[in-house]
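The file upload_26.txt comes next; it holds compact mmCIF, C-alpha atoms.
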# COMPACT_ATOMS: atom_id res chain seq x y z
CA MET Q 1 20.05 -4.13 27.49
CA ARG Q 2 17.16 -6.52 28.09
CA ARG Q 3 17.72 -9.73 26.14
CA SER Q 4 15.20 -10.91 23.52
CA ARG Q 5 13.15 -13.88 24.64
CA VAL Q 6 12.29 -14.66 21.02
CA LEU Q 7 15.90 -14.66 19.83
CA GLU Q 8 16.99 -16.71 22.83
CA LYS Q 9 14.47 -19.41 21.96
CA LEU Q 10 15.16 -19.34 18.23
CA ARG Q 11 18.92 -19.44 18.70
CA GLY Q 12 18.39 -22.41 20.99
CA GLY Q 13 16.59 -24.33 18.24
CA LYS Q 14 13.12 -23.83 19.73
CA THR Q 15 10.01 -22.26 18.22
CA ALA Q 16 8.59 -18.92 19.35
CA SER Q 17 4.92 -18.03 19.77
CA CYS Q 18 3.31 -14.70 18.97
CA PHE Q 19 -0.12 -13.10 19.38
CA LYS Q 20 -1.41 -10.05 17.50
CA VAL Q 21 -2.88 -7.12 19.42
CA ASN Q 22 -5.11 -4.59 17.64
CA LEU Q 23 -6.76 -2.94 20.63
CA ASN Q 24 -5.07 0.14 22.06
CA ASP Q 25 -5.27 -0.62 25.77
CA ALA Q 26 -1.94 -1.77 27.24
CA LYS Q 27 -3.85 -4.18 29.47
CA VAL Q 28 -4.42 -6.37 26.42
CA SER Q 29 -0.67 -6.73 25.88
CA GLU Q 30 -0.27 -7.52 29.56
CA ILE Q 31 -2.94 -10.24 29.41
CA VAL Q 32 -1.18 -11.81 26.41
CA ALA Q 33 2.15 -11.68 28.23
CA ILE Q 34 0.71 -13.20 31.42
CA SER Q 35 -0.80 -15.99 29.30
CA GLY Q 36 2.70 -17.14 28.33
CA PHE Q 37 3.24 -16.00 24.74
CA ASP Q 38 6.83 -15.25 23.76
CA CYS Q 39 5.90 -12.17 21.75
CA VAL Q 40 3.17 -9.58 21.33
CA TRP Q 41 2.70 -8.23 17.81
CA VAL Q 42 1.60 -4.59 17.83
CA ASP Q 43 0.68 -2.94 14.56
CA GLN Q 44 1.52 0.55 13.32
CA GLU Q 45 0.85 -0.17 9.64
CA HIS Q 46 -2.91 -0.56 9.98
CA ILE Q 47 -3.66 0.60 13.52
CA GLY Q 48 -1.50 3.73 13.82
CA GLN Q 49 -1.40 3.93 17.59
CA ASP Q 50 -0.36 7.05 19.42
CA TRP Q 51 3.31 6.73 20.41
CA SER Q 52 2.51 6.99 24.13
CA THR Q 53 -0.03 4.16 23.76
CA LEU Q 54 2.55 2.05 21.97
CA SER Q 55 5.09 2.77 24.69
CA ALA Q 56 2.61 1.68 27.37
CA GLY Q 57 2.03 -1.61 25.56
CA ILE Q 58 5.77 -2.26 25.39
CA TRP Q 59 6.12 -1.56 29.12
CA ALA Q 60 3.20 -3.88 29.93
CA ALA Q 61 4.66 -6.78 27.95
CA LYS Q 62 8.27 -6.46 29.06
CA ALA Q 63 7.17 -6.36 32.70
CA HIS Q 64 6.35 -10.05 32.18
CA ASP Q 65 9.49 -10.86 30.15
CA THR Q 66 7.59 -10.92 26.86
CA ASP Q 67 8.94 -9.48 23.62
CA VAL Q 68 7.10 -6.91 21.53
CA MET Q 69 7.33 -6.86 17.74
CA VAL Q 70 6.06 -3.67 16.12
CA ARG Q 71 5.03 -3.81 12.49
CA VAL Q 72 6.04 -0.34 11.38
CA SER Q 73 4.42 1.85 8.79
CA ARG Q 74 6.33 2.32 5.56
CA GLY Q 75 7.76 5.77 6.11
CA GLY Q 76 11.03 7.44 7.01
CA TYR Q 77 13.73 6.03 9.26
CA SER Q 78 12.16 7.58 12.37
CA ASP Q 79 9.09 5.38 11.92
CA TYR Q 80 11.38 2.36 11.91
CA ILE Q 81 13.73 3.10 14.78
CA ARG Q 82 11.40 4.85 17.23
CA PRO Q 83 9.76 1.57 18.40
CA LEU Q 84 13.24 0.14 19.01
CA GLU Q 85 14.18 3.18 21.07
CA MET Q 86 11.01 2.62 23.12
CA ASP Q 87 12.51 -0.83 23.87
CA ALA Q 88 10.39 -2.90 21.52
CA THR Q 89 12.31 -6.11 20.98
CA GLY Q 90 11.81 -6.24 17.25
CA ILE Q 91 10.28 -4.57 14.24
CA MET Q 92 8.65 -5.98 11.13
CA VAL Q 93 8.82 -3.98 7.91
CA PRO Q 94 5.89 -4.76 5.59
CA HIS Q 95 5.80 -5.06 1.81
CA ILE Q 96 9.48 -5.59 1.04
CA MET Q 97 9.41 -5.30 -2.74
CA SER Q 98 12.98 -6.02 -3.89
CA LEU Q 99 16.55 -6.72 -2.84
CA GLU Q 100 17.31 -3.01 -3.02
CA ASP Q 101 14.37 -2.26 -0.75
CA ALA Q 102 15.60 -4.82 1.79
CA LYS Q 103 19.11 -3.36 1.72
CA LYS Q 104 17.79 0.13 2.48
CA VAL Q 105 15.81 -1.15 5.46
CA VAL Q 106 18.81 -2.95 6.94
CA ASP Q 107 20.94 0.16 6.52
CA MET Q 108 18.38 2.26 8.42
CA VAL Q 109 17.76 -0.09 11.35
CA ARG Q 110 21.19 -1.60 12.13
CA PHE Q 111 24.16 0.12 13.73
CA HIS Q 112 27.78 -0.09 12.54
CA PRO Q 113 29.26 -2.25 11.12
CA VAL Q 114 26.04 -3.53 9.54
CA GLY Q 115 24.26 -0.28 8.77
CA ARG Q 116 23.96 3.42 9.56
CA ARG Q 117 21.06 3.58 11.99
CA PRO Q 118 20.95 7.05 13.59
CA ILE Q 119 22.30 6.88 17.17
CA ASP Q 120 20.78 8.43 20.25
CA GLY Q 121 21.13 6.12 23.27
CA GLY Q 122 19.08 8.39 25.51
CA ASN Q 123 15.92 6.31 25.42
CA ALA Q 124 14.71 3.11 27.06
CA ASP Q 125 16.74 0.77 24.84
CA GLY Q 126 19.98 2.53 25.80
CA ALA Q 127 19.04 2.70 29.49
CA TYR Q 128 18.73 6.49 29.12
CA THR Q 129 22.51 6.88 28.44
CA ALA Q 130 23.43 4.58 31.35
CA LEU Q 131 24.58 1.94 28.87
CA ASP Q 132 28.11 2.28 27.47
CA PHE Q 133 28.00 3.77 23.95
CA ASN Q 134 29.74 0.91 22.14
CA GLU Q 135 28.00 -1.71 24.25
CA TYR Q 136 24.68 -0.14 23.29
CA ILE Q 137 25.52 -0.45 19.59
CA ARG Q 138 26.68 -4.04 19.98
CA LEU Q 139 23.68 -5.20 22.01
CA ALA Q 140 21.15 -3.39 19.82
CA ASN Q 141 22.45 -5.33 16.82
CA LYS Q 142 22.48 -8.59 18.81
CA GLU Q 143 19.33 -8.48 20.97
CA ARG Q 144 16.86 -6.66 18.71
CA PHE Q 145 15.36 -8.53 15.78
CA VAL Q 146 14.32 -7.28 12.35
CA ALA Q 147 11.72 -9.10 10.26
CA LEU Q 148 11.25 -8.43 6.55
CA GLN Q 149 7.71 -9.18 5.43
CA ILE Q 150 7.22 -10.82 2.05
CA GLU Q 151 3.56 -10.37 1.09
CA ASP Q 152 3.67 -9.55 -2.61
CA PRO Q 153 4.63 -11.55 -5.71
CA GLU Q 154 7.07 -8.86 -6.93
CA PRO Q 155 10.00 -9.66 -4.59
CA LEU Q 156 9.94 -13.38 -5.41
CA GLU Q 157 12.36 -12.90 -8.29
CA ASP Q 158 14.87 -11.56 -5.72
CA ILE Q 159 13.88 -13.90 -2.89
CA GLU Q 160 17.10 -15.91 -2.74
CA ALA Q 161 19.23 -12.76 -2.74
CA ILE Q 162 16.99 -11.22 -0.06
CA ALA Q 163 17.29 -14.36 2.05
CA ALA Q 164 21.08 -14.26 1.71
CA LEU Q 165 21.30 -10.58 2.71
CA GLU Q 166 23.06 -9.99 6.03
CA GLY Q 167 21.74 -7.78 8.79
CA TYR Q 168 18.23 -9.00 9.55
CA ASP Q 169 16.76 -12.01 11.34
CA MET Q 170 13.39 -13.14 9.93
CA LEU Q 171 11.65 -13.61 6.63
CA PHE Q 172 7.95 -13.24 7.41
CA PHE Q 173 5.41 -14.55 4.90
CA GLY Q 174 2.11 -12.61 4.82
CA PRO Q 175 -0.56 -14.70 3.08
CA GLY Q 176 -3.35 -12.10 3.18
CA ASP Q 177 -1.91 -9.44 0.92
CA PHE Q 178 -0.09 -12.10 -1.08
CA SER Q 179 -3.41 -13.73 -2.01
CA GLN Q 180 -4.63 -10.35 -3.24
CA GLY Q 181 -1.38 -9.76 -5.12
CA ILE Q 182 -1.80 -12.94 -7.14
CA GLY Q 183 -5.42 -12.11 -7.92
CA ALA Q 184 -6.90 -14.70 -5.57
CA PRO Q 185 -7.94 -12.81 -2.42
CA GLY Q 186 -8.74 -15.11 0.48
CA GLN Q 187 -7.99 -18.32 -1.44
CA TRP Q 188 -5.71 -19.82 1.20
CA ASN Q 189 -5.32 -23.08 -0.71
CA HIS Q 190 -4.34 -21.44 -3.98
CA PRO Q 191 -1.36 -23.38 -5.45
CA LYS Q 192 0.78 -20.23 -5.82
CA LEU Q 193 0.19 -19.25 -2.20
CA ILE Q 194 1.05 -22.72 -0.91
CA GLU Q 195 4.13 -22.85 -3.14
CA THR Q 196 5.33 -19.45 -1.90
CA ARG Q 197 4.72 -20.30 1.75
CA LYS Q 198 6.98 -23.31 1.34
CA LEU Q 199 9.54 -21.28 -0.63
CA ILE Q 200 9.88 -18.61 2.08
CA ALA Q 201 10.56 -21.24 4.74
CA LYS Q 202 13.06 -22.99 2.47
CA MET Q 203 14.97 -19.81 1.61
CA ALA Q 204 15.03 -18.60 5.21
CA ASN Q 205 16.42 -21.88 6.50
CA LYS Q 206 18.93 -22.14 3.66
CA TYR Q 207 20.51 -18.78 4.49
CA GLY Q 208 20.40 -18.85 8.28
CA LYS Q 209 17.30 -16.69 8.76
CA TYR Q 210 14.25 -17.57 10.84
CA ALA Q 211 11.09 -18.36 8.90
CA ALA Q 212 8.04 -16.55 10.27
CA THR Q 213 4.38 -16.33 9.34
CA VAL Q 214 0.81 -16.24 10.63
CA GLY Q 215 -1.21 -19.36 11.30
CA SER Q 216 -4.03 -20.92 13.26
CA PRO Q 217 -4.31 -23.74 15.80
CA ASP Q 218 -5.45 -25.94 12.92
CA ASN Q 219 -2.35 -25.53 10.73
CA LEU Q 220 0.28 -24.74 13.38
CA ASN Q 221 1.93 -28.16 13.27
CA GLU Q 222 1.94 -28.11 9.47
CA LEU Q 223 3.77 -24.76 9.49
CA LEU Q 224 6.30 -25.96 12.06
CA ASP Q 225 6.94 -29.12 10.01
CA MET Q 226 7.38 -26.87 6.95
CA GLY Q 227 10.30 -25.13 8.66
CA TYR Q 228 8.68 -22.10 10.27
CA ASP Q 229 10.25 -21.09 13.59
CA PHE Q 230 8.11 -18.10 14.58
CA VAL Q 231 4.35 -18.25 14.15
CA SER Q 232 1.76 -15.67 15.14
CA VAL Q 233 -1.49 -17.41 16.05
CA GLY Q 234 -4.59 -15.52 17.15
CA ALA Q 235 -5.54 -11.90 17.71
CA ASP Q 236 -7.41 -10.03 20.41
CA VAL Q 237 -10.16 -8.82 18.06
CA VAL Q 238 -10.72 -12.35 16.73
CA GLY Q 239 -11.02 -13.83 20.20
CA LEU Q 240 -13.27 -11.09 21.55
CA SER Q 241 -15.54 -11.16 18.49
CA ALA Q 242 -15.93 -14.95 18.64
CA TYR Q 243 -16.59 -14.85 22.39
CA CYS Q 244 -19.29 -12.20 21.99
CA ARG Q 245 -20.96 -14.02 19.08
CA ASP Q 246 -21.08 -17.27 21.06
CA ILE Q 247 -22.83 -15.51 23.96
CA VAL Q 248 -25.34 -13.86 21.63
CA LYS Q 249 -26.08 -17.28 20.10
CA GLY Q 250 -27.18 -18.42 23.56
CA PHE Q 251 -29.67 -15.58 23.79
CA ASP Q 252 -30.87 -16.15 20.22
CA SER Q 253 -31.34 -19.86 20.91
CA ARG Q 254 -33.43 -19.03 23.97
CA LYS Q 255 -35.56 -16.63 21.92
CA ASP Q 256 -36.08 -19.26 19.24
CA ASN Q 257 -37.15 -21.83 21.85
CA GLU Q 258 -39.53 -19.38 23.48
CA ALA Q 259 -41.03 -18.50 20.11
CA GLU Q 260 -41.51 -22.19 19.35
CA GLU Q 261 -43.25 -22.77 22.69
CA ASN Q 262 -45.52 -19.78 22.15
CA LYS Q 263 -46.38 -21.08 18.71
CA LYS Q 264 -47.31 -24.45 20.15
CA GLY Q 265 -49.62 -22.78 22.65
CA THR Q 266 -51.68 -21.19 19.89
CA GLU Q 267 -52.06 -24.28 17.74
CA SER Q 268 -55.52 -25.78 17.36
CA PRO Q 269 -56.03 -29.08 19.24
CA TYR Q 270 -58.37 -30.27 16.43
CA LYS Q 271 -55.66 -30.80 13.83

Translate this structure into structure tokens?
Amino acid sequence: MRRSRVLEKLRGGKTASCFKVNLNDAKVSEIVAISGFDCVWVDQEHIGQDWSTLSAGIWAAKAHDTDVMVRVSRGGYSDYIRPLEMDATGIMVPHIMSLEDAKKVVDMVRFHPVGRRPIDGGNADGAYTALDFNEYIRLANKERFVALQIEDPEPLEDIEAIAALEGYDMLFFGPGDFSQGIGAPGQWNHPKLIETRKLIAKMANKYGKYAATVGSPDNLNELLDMGYDFVSVGADVVGLSAYCRDIVKGFDSRKDNEAEENKKGTESPYK
């Protein structure tokens, strides 16, 4: 089984980089991989890609030794394990709401002796049955990562117990929905949000999990100093939108200058 680049770096005490992809063309994932990111984040919670499109994105990234993390939709176990069987390197489960919720997820996505993930072995992750059955189970538990996303205030009362739970790798703090959950949407400097961001990193590090979150170039070093090991910075739609707007500004600036020149030409010289 292909080893996880992200886990290799994290287990070696290094940080891992990630980039979010919203667009459905696998070429985008390939561009991100060629650029040198450790991981491509593909989303099934909000994007809902066709499974064949998702598979193509995984192929494109792994061709350049880059991991793919799929944020799954909250559904049945098939929604959770299918990306892994396509050879995604990790999954992120959104909106973990309690310790009991976290336990159920681990049970569905980990093989024996950790959980009861349904076994097939006939897909890409099991080398289409070419991988020994027991070796497949062992490597899937070792080389595929599971991130539990904390993005609501409700699970905070269980956060230490969730952090201590065995069977998963990352606690991922989601500030967007969390800000909404505390009644302060988009207030990134809200005291409760800052407090919780620090708490997630502290709990993850205390119980041997990797602390993960989203960030920007401006606060990346702050997050790393806070104890975060895995940070997703940037997204294809953000970059493309900013690039297009900057180009349009050039045209608008030219139009404004031309309008100003035309205005000057019609002014009376007897002012």

Original post:
Mind listing as JSON, numbers by chain all residues within 12 Å of (18.7, -8.9, 17.6), counting only C-alpha atoms?
Top reply: {"Q": [1, 2, 3, 4, 5, 6, 7, 8, 10, 11, 67, 69, 84, 87, 88, 89, 90, 91, 109, 110, 111, 137, 138, 139, 140, 141, 142, 143, 144, 145, 146, 147, 167, 168, 169, 170, 209, 210]}

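Here CA of Pro83 in chain Q and CA of Gly57 in chain Q stand 11.0 Å from one another.
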
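Using all atoms listed in the file, the nearest neighbour of Gly122 in chain Q within the list Q:Phe37, Q:Phe251, Q:Tyr77, Q:Tyr136 is Q:Tyr136.
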
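With distances restricted to all atoms listed in the file, Q:Ile159 is the closest residue to Glu100 in chain Q from Q:Leu23, Q:Cys18, Q:Met203, Q:Ile159.
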
Subject >> Residues near Arg74 in chain Q, cut-off 9 Å, all atoms listed in the file, skip fewer than 2 positions along chain, as a PyMOL selection string >> reply: chain Q and resi 45+72+76+79-80+93-95
